[in-house]
>>> print(open('input02.txt').read())   # compact mmCIF, C-alpha atoms and all ligand atoms
# COMPACT_ATOMS: atom_id res chain seq x y z
CA MET J 202 -116.39 -140.79 -39.13
CA THR J 203 -113.55 -138.49 -40.08
CA ALA J 204 -110.02 -139.86 -39.86
CA GLY J 205 -107.39 -137.98 -37.98
CA ILE J 206 -109.11 -134.96 -36.49
CA THR J 207 -107.28 -133.15 -33.68
CA VAL J 208 -109.09 -132.35 -30.45
CA LEU J 209 -107.75 -130.12 -27.68
CA ILE J 210 -108.89 -130.71 -24.10
CA SER J 211 -108.09 -127.72 -21.87
CA ALA J 212 -108.35 -128.88 -18.27
CA ASP J 213 -108.81 -126.65 -15.24
CA LEU J 214 -109.38 -127.81 -11.67
CA GLU J 215 -112.01 -125.62 -10.00
CA GLY J 216 -114.84 -127.13 -12.03
CA ILE J 217 -113.94 -130.76 -11.37
CA SER J 218 -116.56 -132.79 -9.50
CA GLY J 219 -116.61 -132.42 -5.74
CA ILE J 220 -114.29 -129.42 -5.51
CA VAL J 221 -115.63 -126.37 -3.66
CA HIS J 222 -112.72 -124.82 -1.74
CA VAL J 223 -109.52 -123.10 -2.82
CA THR J 224 -107.32 -125.30 -0.59
CA GLU J 225 -108.51 -128.27 -2.64
CA THR J 226 -107.03 -126.63 -5.75
CA ASN J 227 -103.66 -125.41 -4.44
CA PRO J 228 -100.59 -127.70 -4.47
CA GLY J 229 -99.89 -128.61 -0.86
CA GLY J 230 -103.43 -127.79 0.22
CA TYR J 231 -105.92 -129.99 2.03
CA ASP J 232 -107.19 -132.70 -0.37
CA TYR J 233 -105.28 -131.26 -3.37
CA GLU J 234 -103.79 -134.69 -4.14
CA ARG J 235 -107.28 -136.17 -4.29
CA SER J 236 -108.46 -133.30 -6.48
CA ARG J 237 -105.77 -133.91 -9.06
CA MET J 238 -106.64 -137.61 -9.13
CA ARG J 239 -110.25 -136.70 -9.94
CA MET J 240 -109.08 -134.11 -12.46
CA THR J 241 -107.06 -136.81 -14.22
CA ALA J 242 -110.00 -139.22 -14.13
CA GLU J 243 -112.36 -136.61 -15.60
CA VAL J 244 -109.90 -135.75 -18.35
CA ASN J 245 -109.56 -139.46 -19.08
CA ALA J 246 -113.35 -139.71 -19.35
CA ALA J 247 -113.31 -136.88 -21.90
CA VAL J 248 -110.45 -138.50 -23.83
CA ALA J 249 -112.39 -141.77 -23.92
CA GLY J 250 -115.52 -139.97 -25.13
CA VAL J 251 -113.63 -138.22 -27.91
CA LEU J 252 -112.12 -141.52 -29.05
CA ASP J 253 -115.49 -143.31 -28.80
CA ALA J 254 -116.69 -140.90 -31.49
CA GLU J 255 -113.45 -140.57 -33.46
CA PRO J 256 -111.09 -143.51 -32.83
CA ASP J 257 -108.38 -142.00 -35.04
CA ALA J 258 -108.43 -138.57 -33.39
CA VAL J 259 -105.26 -136.98 -32.08
CA VAL J 260 -106.13 -135.84 -28.54
CA LEU J 261 -104.05 -133.10 -26.95
CA VAL J 262 -104.53 -132.30 -23.27
CA ALA J 263 -103.44 -128.90 -21.94
CA ASP J 264 -103.01 -128.87 -18.16
CA ALA J 265 -104.43 -125.41 -17.48
CA HIS J 266 -104.64 -124.85 -13.73
CA GLY J 267 -102.25 -122.89 -11.51
CA PRO J 268 -98.73 -124.16 -12.24
CA TYR J 269 -100.07 -126.16 -15.22
CA ARG J 270 -98.63 -129.26 -13.51
CA ASN J 271 -101.61 -130.97 -11.91
CA LEU J 272 -102.55 -133.96 -14.05
CA LEU J 273 -100.93 -137.21 -12.98
CA VAL J 274 -98.77 -137.96 -16.01
CA GLU J 275 -98.59 -141.72 -15.59
CA GLU J 276 -102.33 -141.99 -14.90
CA LEU J 277 -103.39 -140.09 -18.02
CA ASP J 278 -104.92 -142.11 -20.86
CA ARG J 279 -101.88 -143.15 -22.89
CA ARG J 280 -103.67 -142.33 -26.13
CA ALA J 281 -103.54 -138.60 -25.27
CA ARG J 282 -100.60 -136.21 -25.51
CA LEU J 283 -100.07 -133.87 -22.59
CA VAL J 284 -98.89 -130.24 -22.53
CA ARG J 285 -97.71 -129.11 -19.09
CA GLY J 286 -95.72 -126.28 -17.48
CA LYS J 287 -95.67 -122.50 -17.92
CA PRO J 288 -95.41 -119.81 -19.13
CA ARG J 289 -96.43 -120.54 -22.70
CA PRO J 290 -97.79 -118.22 -25.42
CA LEU J 291 -101.20 -119.85 -25.68
CA GLY J 292 -101.53 -120.36 -21.93
CA MET J 293 -104.51 -122.52 -21.01
CA MET J 294 -105.01 -123.24 -24.70
CA ALA J 295 -101.60 -124.58 -25.65
CA GLY J 296 -102.02 -126.95 -28.57
CA LEU J 297 -104.57 -124.80 -30.40
CA ASP J 298 -102.01 -124.02 -33.07
CA ALA J 299 -101.56 -127.73 -33.80
CA GLY J 300 -104.50 -127.53 -36.19
CA ALA J 301 -107.21 -128.37 -33.67
CA ASP J 302 -110.68 -129.13 -35.02
CA ALA J 303 -112.53 -128.80 -31.72
CA VAL J 304 -111.88 -127.73 -28.12
CA LEU J 305 -113.30 -129.18 -24.90
CA PHE J 306 -113.20 -127.26 -21.60
CA VAL J 307 -113.03 -129.71 -18.67
CA GLY J 308 -113.25 -128.56 -15.04
CA TYR J 309 -113.88 -124.90 -15.89
CA HIS J 310 -115.28 -122.19 -13.60
CA ALA J 311 -117.23 -118.96 -13.89
CA ARG J 312 -115.66 -115.53 -14.30
CA ALA J 313 -114.71 -113.11 -11.55
CA GLY J 314 -117.71 -111.13 -10.37
CA SER J 315 -120.33 -113.66 -11.48
CA GLY J 316 -122.14 -115.95 -9.21
CA PRO J 317 -122.77 -117.23 -6.72
CA ALA J 318 -120.42 -119.62 -8.49
CA VAL J 319 -117.84 -122.10 -7.22
CA LEU J 320 -114.37 -120.52 -7.05
CA ALA J 321 -115.34 -117.85 -9.59
CA HIS J 322 -112.32 -115.82 -10.71
CA THR J 323 -110.49 -114.73 -13.84
CA MET J 324 -106.92 -116.02 -14.05
CA SER J 325 -105.98 -114.83 -10.53
CA ASP J 326 -107.15 -112.72 -7.61
CA ALA J 327 -105.20 -109.82 -9.15
CA VAL J 328 -107.91 -109.46 -11.79
CA LEU J 329 -111.35 -108.08 -10.91
CA GLU J 330 -112.73 -108.03 -14.45
CA VAL J 331 -111.59 -108.39 -18.06
CA ARG J 332 -113.51 -106.79 -20.93
CA LEU J 333 -112.90 -107.60 -24.58
CA ASN J 334 -114.39 -104.97 -26.91
CA GLY J 335 -116.44 -103.80 -23.90
CA ARG J 336 -117.87 -107.20 -22.99
CA PRO J 337 -116.99 -108.76 -19.61
CA VAL J 338 -115.39 -112.18 -19.98
CA GLY J 339 -113.66 -114.72 -17.77
CA GLU J 340 -111.38 -117.58 -18.67
CA ILE J 341 -114.24 -119.18 -20.58
CA GLY J 342 -114.69 -116.14 -22.83
CA LEU J 343 -110.97 -115.45 -23.20
CA ASN J 344 -110.21 -119.04 -24.14
CA ALA J 345 -113.23 -119.41 -26.42
CA ALA J 346 -112.23 -116.20 -28.24
CA LEU J 347 -108.65 -117.43 -28.59
CA ALA J 348 -109.98 -120.68 -30.07
CA GLY J 349 -112.16 -118.57 -32.38
CA HIS J 350 -109.09 -116.68 -33.54
CA PHE J 351 -107.78 -120.02 -34.78
CA GLY J 352 -111.19 -120.86 -36.29
CA VAL J 353 -111.86 -123.60 -33.73
CA PRO J 354 -115.23 -124.12 -31.98
CA VAL J 355 -115.61 -124.92 -28.29
CA VAL J 356 -117.87 -127.97 -28.31
CA LEU J 357 -118.08 -128.89 -24.62
CA LEU J 358 -117.68 -127.49 -21.12
CA SER J 359 -117.86 -129.26 -17.77
CA GLY J 360 -118.10 -127.37 -14.51
CA ASP J 361 -120.76 -125.89 -12.24
CA ASP J 362 -124.11 -124.62 -13.51
CA VAL J 363 -122.87 -121.00 -13.72
CA ALA J 364 -119.85 -121.92 -15.83
CA CYS J 365 -122.09 -123.94 -18.15
CA ALA J 366 -124.44 -120.96 -18.57
CA GLU J 367 -121.49 -118.62 -19.16
CA LEU J 368 -120.30 -120.61 -22.17
CA LEU J 369 -123.81 -121.16 -23.53
CA ASP J 370 -124.33 -117.39 -23.47
CA LEU J 371 -121.26 -116.96 -25.70
CA VAL J 372 -121.52 -120.14 -27.78
CA PRO J 373 -125.10 -121.37 -28.23
CA GLY J 374 -125.41 -125.00 -29.18
CA THR J 375 -122.41 -126.27 -27.27
CA VAL J 376 -122.66 -129.31 -24.99
CA THR J 377 -122.38 -128.72 -21.24
CA VAL J 378 -121.94 -131.12 -18.34
CA GLU J 379 -123.05 -129.74 -14.98
CA VAL J 380 -121.06 -131.66 -12.37
CA LYS J 381 -122.17 -129.42 -9.48
CA ARG J 382 -124.76 -126.79 -8.67
CA ALA J 383 -123.24 -123.74 -7.06
CA LEU J 384 -124.51 -122.57 -3.68
CA GLY J 385 -121.74 -120.00 -3.25
CA GLN J 386 -118.07 -119.26 -3.88
CA ALA J 387 -117.11 -122.24 -1.69
CA ALA J 388 -120.24 -124.40 -1.58
CA ALA J 389 -122.10 -126.61 -4.03
CA GLU J 390 -124.29 -129.65 -4.42
CA VAL J 391 -121.98 -132.07 -6.22
CA LEU J 392 -122.29 -135.20 -8.33
CA HIS J 393 -120.47 -138.36 -7.34
CA PRO J 394 -117.19 -138.43 -9.33
CA ALA J 395 -118.08 -141.69 -11.05
CA GLU J 396 -121.37 -140.23 -12.19
CA ALA J 397 -119.62 -137.07 -13.41
CA GLN J 398 -117.10 -139.15 -15.36
CA GLU J 399 -119.79 -141.25 -17.00
CA ARG J 400 -121.76 -138.17 -18.06
CA LEU J 401 -118.61 -136.50 -19.32
CA ARG J 402 -117.60 -139.48 -21.47
CA GLN J 403 -121.02 -139.63 -23.12
CA ALA J 404 -121.18 -135.86 -23.58
CA ALA J 405 -117.67 -135.68 -25.06
CA SER J 406 -118.59 -138.30 -27.60
CA ARG J 407 -121.77 -136.42 -28.53
CA ALA J 408 -119.96 -133.07 -28.64
CA VAL J 409 -117.30 -134.35 -31.03
CA ARG J 410 -119.90 -135.93 -33.31
CA GLN J 411 -121.84 -132.62 -33.37
CA ARG J 412 -118.74 -130.43 -33.64
CA GLY J 413 -120.06 -128.61 -36.71
CA GLN J 414 -122.93 -127.05 -34.73
CA PRO J 415 -121.37 -124.51 -32.36
CA GLN J 416 -119.70 -121.71 -34.26
CA PRO J 417 -116.22 -120.45 -33.36
CA LEU J 418 -116.41 -117.31 -31.18
CA VAL J 419 -114.80 -114.71 -33.43
CA LEU J 420 -114.27 -111.20 -32.03
CA SER J 421 -113.78 -108.16 -34.22
CA GLU J 422 -110.11 -107.17 -34.44
CA PRO J 423 -108.21 -105.25 -33.27
CA VAL J 424 -109.37 -106.27 -29.81
CA GLU J 425 -109.82 -103.52 -27.22
CA VAL J 426 -108.86 -104.93 -23.81
CA GLU J 427 -109.71 -103.42 -20.42
CA VAL J 428 -108.57 -105.09 -17.22
CA ASP J 429 -109.68 -103.98 -13.76
CA LEU J 430 -106.95 -104.91 -11.29
CA SER J 431 -107.22 -105.35 -7.54
CA ALA J 432 -103.86 -103.72 -6.65
CA PRO J 433 -102.81 -100.16 -7.60
CA TYR J 434 -99.19 -101.37 -7.70
CA THR J 435 -100.04 -103.76 -10.54
CA VAL J 436 -101.49 -100.82 -12.47
CA ASP J 437 -98.22 -98.92 -11.94
CA LEU J 438 -96.22 -101.89 -13.27
CA ALA J 439 -98.54 -102.33 -16.24
CA THR J 440 -98.01 -98.75 -17.40
CA LEU J 441 -94.33 -99.64 -17.94
CA VAL J 442 -95.38 -101.95 -20.78
CA PRO J 443 -95.38 -100.16 -24.15
CA GLY J 444 -98.94 -99.79 -25.40
CA PHE J 445 -100.52 -100.31 -21.98
CA ALA J 446 -102.28 -97.31 -20.42
CA ARG J 447 -103.92 -96.45 -17.12
CA VAL J 448 -107.50 -95.23 -17.05
CA PRO J 449 -107.38 -92.07 -14.92
CA GLY J 450 -109.21 -92.43 -11.63
CA ALA J 451 -109.58 -96.20 -11.92
CA ARG J 452 -107.53 -99.35 -11.31
CA THR J 453 -108.00 -100.18 -14.97
CA VAL J 454 -105.38 -100.90 -17.61
CA THR J 455 -106.22 -100.71 -21.31
CA PHE J 456 -104.41 -101.87 -24.40
CA THR J 457 -105.21 -102.89 -27.94
CA GLY J 458 -104.40 -106.33 -29.27
CA ARG J 459 -103.86 -106.48 -33.04
CA ASP J 460 -105.64 -109.79 -32.82
CA MET J 461 -107.01 -112.07 -30.09
CA ALA J 462 -103.71 -113.93 -29.74
CA GLU J 463 -101.95 -110.66 -28.87
CA ALA J 464 -104.78 -109.62 -26.54
CA TYR J 465 -104.50 -112.98 -24.78
CA ARG J 466 -100.76 -112.60 -24.23
CA GLY J 467 -101.34 -109.14 -22.77
CA VAL J 468 -103.86 -110.45 -20.25
CA GLN J 469 -101.45 -113.25 -19.26
CA LEU J 470 -98.73 -110.67 -18.71
CA LEU J 471 -100.99 -108.57 -16.43
CA VAL J 472 -101.75 -111.68 -14.38
CA GLN J 473 -98.02 -112.30 -13.93
CA LEU J 474 -97.42 -108.65 -12.99
CA GLY J 475 -100.14 -109.07 -10.39
CA GLN J 476 -97.90 -111.49 -8.50
CA ILE J 477 -95.16 -108.88 -7.99
CA LYS J 478 -95.28 -107.10 -4.66
CA PRO J 479 -93.79 -103.64 -4.01
CA GLY J 480 -90.01 -104.01 -3.68
ZN ZN Y 1 -107.79 -123.13 -12.26
>>> encode(input="input02.txt", output="structure tokens")
Amino acid sequence: MTAGITVLISADLEGISGIVHVTETNPGGYDYERSRMRMTAEVNAAVAGVLDAEPDAVVLVADAHGPYRNLLVEELDRRARLVRGKPRPLGMMAGLDAGADAVLFVGYHARAGSGPAVLAHTMSDAVLEVRLNGRPVGEIGLNAALAGHFGVPVVLLSGDDVACAELLDLVPGTVTVEVKRALGQAAAEVLHPAEAQERLRQAASRAVRQRGQPQPLVLSEPVEVEVDLSAPYTVDLATLVPGFARVPGARTVTFTGRDMAEAYRGVQLLVQLGQIKPG
């Protein structure tokens, strides 16, 4: 047992047990309030698993879905510290720079264009595909590479079977918890939440004990970023950003990040530009 390690849990919503439809993940949507209860319960299961293995660990939880304000603050395990709200430089991975020793992805989903996979997308509907140094990635790849930039391994992912496979392809040897089997973008065979929570607690404990096995995902730097966008207007806006360029004849924006942290901020900016409609 090592005293005082720091573990970051980045929690998304689409890969939480039972969830299959976008209305279940949007504030105000049908069953959203139930979804965030289950999200909080699954994060608590992961927190408990981490502390089963390392009772002295500092556990940071980054709320990483939509507005970054989904987890029920008063219901969260009081032994964890919560990061909520946006925007923030490290986005879904806020807390990484606190000297994290391991990262857990809870409730994650597959990248845009993969699948069939439950609620597969990359950051928002504005983004059709992101490539880092030519390789297509989703939130899983972006966030794992950002962790790698800080020298931190991703030791666990929970989500559907496609999300699990997506991380294993990038980070062999990591622990995955399949809480549903995708039948489509909005359909899946799902585990009972209590079963998902029990599996997650055990897996989180195992993942933290084995945290030396998966290697950090380290990309070569500088990082060449290409983003295919759904709206031509977003491409127009992006070309106003110094260093961002349009690929002629395509809805693609390219830029070079000096390192993965800069690349990550650039992708976050494109996602925000994607929300602006023609004035
Ligand atoms: Zn999400």
>>> residues_around(input="input02.txt", residues="Gly360 in chain J", least_positions_apart="4", cutoff="7 Å", atoms="only C-alpha atoms", output="PyMOL selection string")
chain J and resi 216-217+307-310+364-365+378-381
>>> residues_near_ligand(input="input02.txt", ligand="ligand ZN 1 (chain Y)", cutoff="7 Å", atoms="only C-alpha atoms and all ligand atoms", output="number ranges by chain")
J: 213-215, 265-267
>>> atom_distance(input="input02.txt", atom1="CA of Arg270 in chain J", atom2="CA of Glu427 in chain J")
29.0 Å
>>> closest_atom_pairs(input="input02.txt", of="range 220-339 of chain J", to="range 409-414 of chain J", cutoff="9 Å", atoms="all atoms listed in the file", output="CSV")
residue,atom,partner,partner_atom,distance
J:Gly250,CA,J:Val409,CA,8.3
J:Val251,CA,J:Val409,CA,6.2
J:Ala254,CA,J:Arg410,CA,6.2
J:Glu255,CA,J:Val409,CA,7.7
J:Asp302,CA,J:Arg412,CA,8.3
J:Ala303,CA,J:Arg412,CA,6.7
J:Leu305,CA,J:Val409,CA,9.0
>>> closest_atom_pairs(input="input02.txt", of="range 296-365 of chain J", to="range 455-464 of chain J", cutoff="12 Å", atoms="only C-alpha atoms", output="JSON lines")
{"residue": "J:Leu297", "atom": "CA", "partner": "J:Ala462", "partner_atom": "CA", "distance": 10.9}
{"residue": "J:Asp298", "atom": "CA", "partner": "J:Ala462", "partner_atom": "CA", "distance": 10.8}
{"residue": "J:Glu330", "atom": "CA", "partner": "J:Thr455", "partner_atom": "CA", "distance": 12.0}
{"residue": "J:Val331", "atom": "CA", "partner": "J:Thr455", "partner_atom": "CA", "distance": 9.9}
{"residue": "J:Arg332", "atom": "CA", "partner": "J:Thr455", "partner_atom": "CA", "distance": 9.5}
{"residue": "J:Leu333", "atom": "CA", "partner": "J:Ala464", "partner_atom": "CA", "distance": 8.6}
{"residue": "J:Asn334", "atom": "CA", "partner": "J:Thr457", "partner_atom": "CA", "distance": 9.5}
{"residue": "J:Gly335", "atom": "CA", "partner": "J:Thr455", "partner_atom": "CA", "distance": 11.0}
{"residue": "J:Gly342", "atom": "CA", "partner": "J:Met461", "partner_atom": "CA", "distance": 11.3}
{"residue": "J:Leu343", "atom": "CA", "partner": "J:Met461", "partner_atom": "CA", "distance": 8.6}
{"residue": "J:Asn344", "atom": "CA", "partner": "J:Met461", "partner_atom": "CA", "distance": 9.7}
{"residue": "J:Ala345", "atom": "CA", "partner": "J:Met461", "partner_atom": "CA", "distance": 10.3}
{"residue": "J:Ala346", "atom": "CA", "partner": "J:Met461", "partner_atom": "CA", "distance": 6.9}
{"residue": "J:Leu347", "atom": "CA", "partner": "J:Met461", "partner_atom": "CA", "distance": 5.8}
{"residue": "J:Ala348", "atom": "CA", "partner": "J:Met461", "partner_atom": "CA", "distance": 9.1}
{"residue": "J:Gly349", "atom": "CA", "partner": "J:Met461", "partner_atom": "CA", "distance": 8.6}
{"residue": "J:His350", "atom": "CA", "partner": "J:Met461", "partner_atom": "CA", "distance": 6.1}
{"residue": "J:Phe351", "atom": "CA", "partner": "J:Ala462", "partner_atom": "CA", "distance": 8.9}
{"residue": "J:Gly352", "atom": "CA", "partner": "J:Met461", "partner_atom": "CA", "distance": 11.5}
>>> residues_around(input="input02.txt", residues="range 238-245 of chain J", least_positions_apart="5", cutoff="10 Å", atoms="all atoms listed in the file", output="VMD selection string")
chain J and resid 210 to 220 233 250 to 251 262 264 271 to 281 305 to 308 359 394 to 395 397 to 402
>>> atom_distance(input="input02.txt", atom1="CA of Gln416 in chain J", atom2="CA of Thr377 in chain J")
15.0 Å
>>> residues_around(input="input02.txt", residues="Val260 in chain J", least_positions_apart="4", cutoff="7 Å", atoms="all atoms listed in the file", output="list in words")
Thr207, Val208, Leu209, Val248, Ala281 and Arg282 of chain J
>>> write_last_selection(input="input02.txt", atoms="C-alpha atoms", output="CSV table (one decimal), in the frame of the given file")
chain,number,residue,atom,x,y,z
J,207,THR,CA,-107.3,-133.2,-33.7
J,208,VAL,CA,-109.1,-132.4,-30.4
J,209,LEU,CA,-107.8,-130.1,-27.7
J,248,VAL,CA,-110.4,-138.5,-23.8
J,281,ALA,CA,-103.5,-138.6,-25.3
J,282,ARG,CA,-100.6,-136.2,-25.5
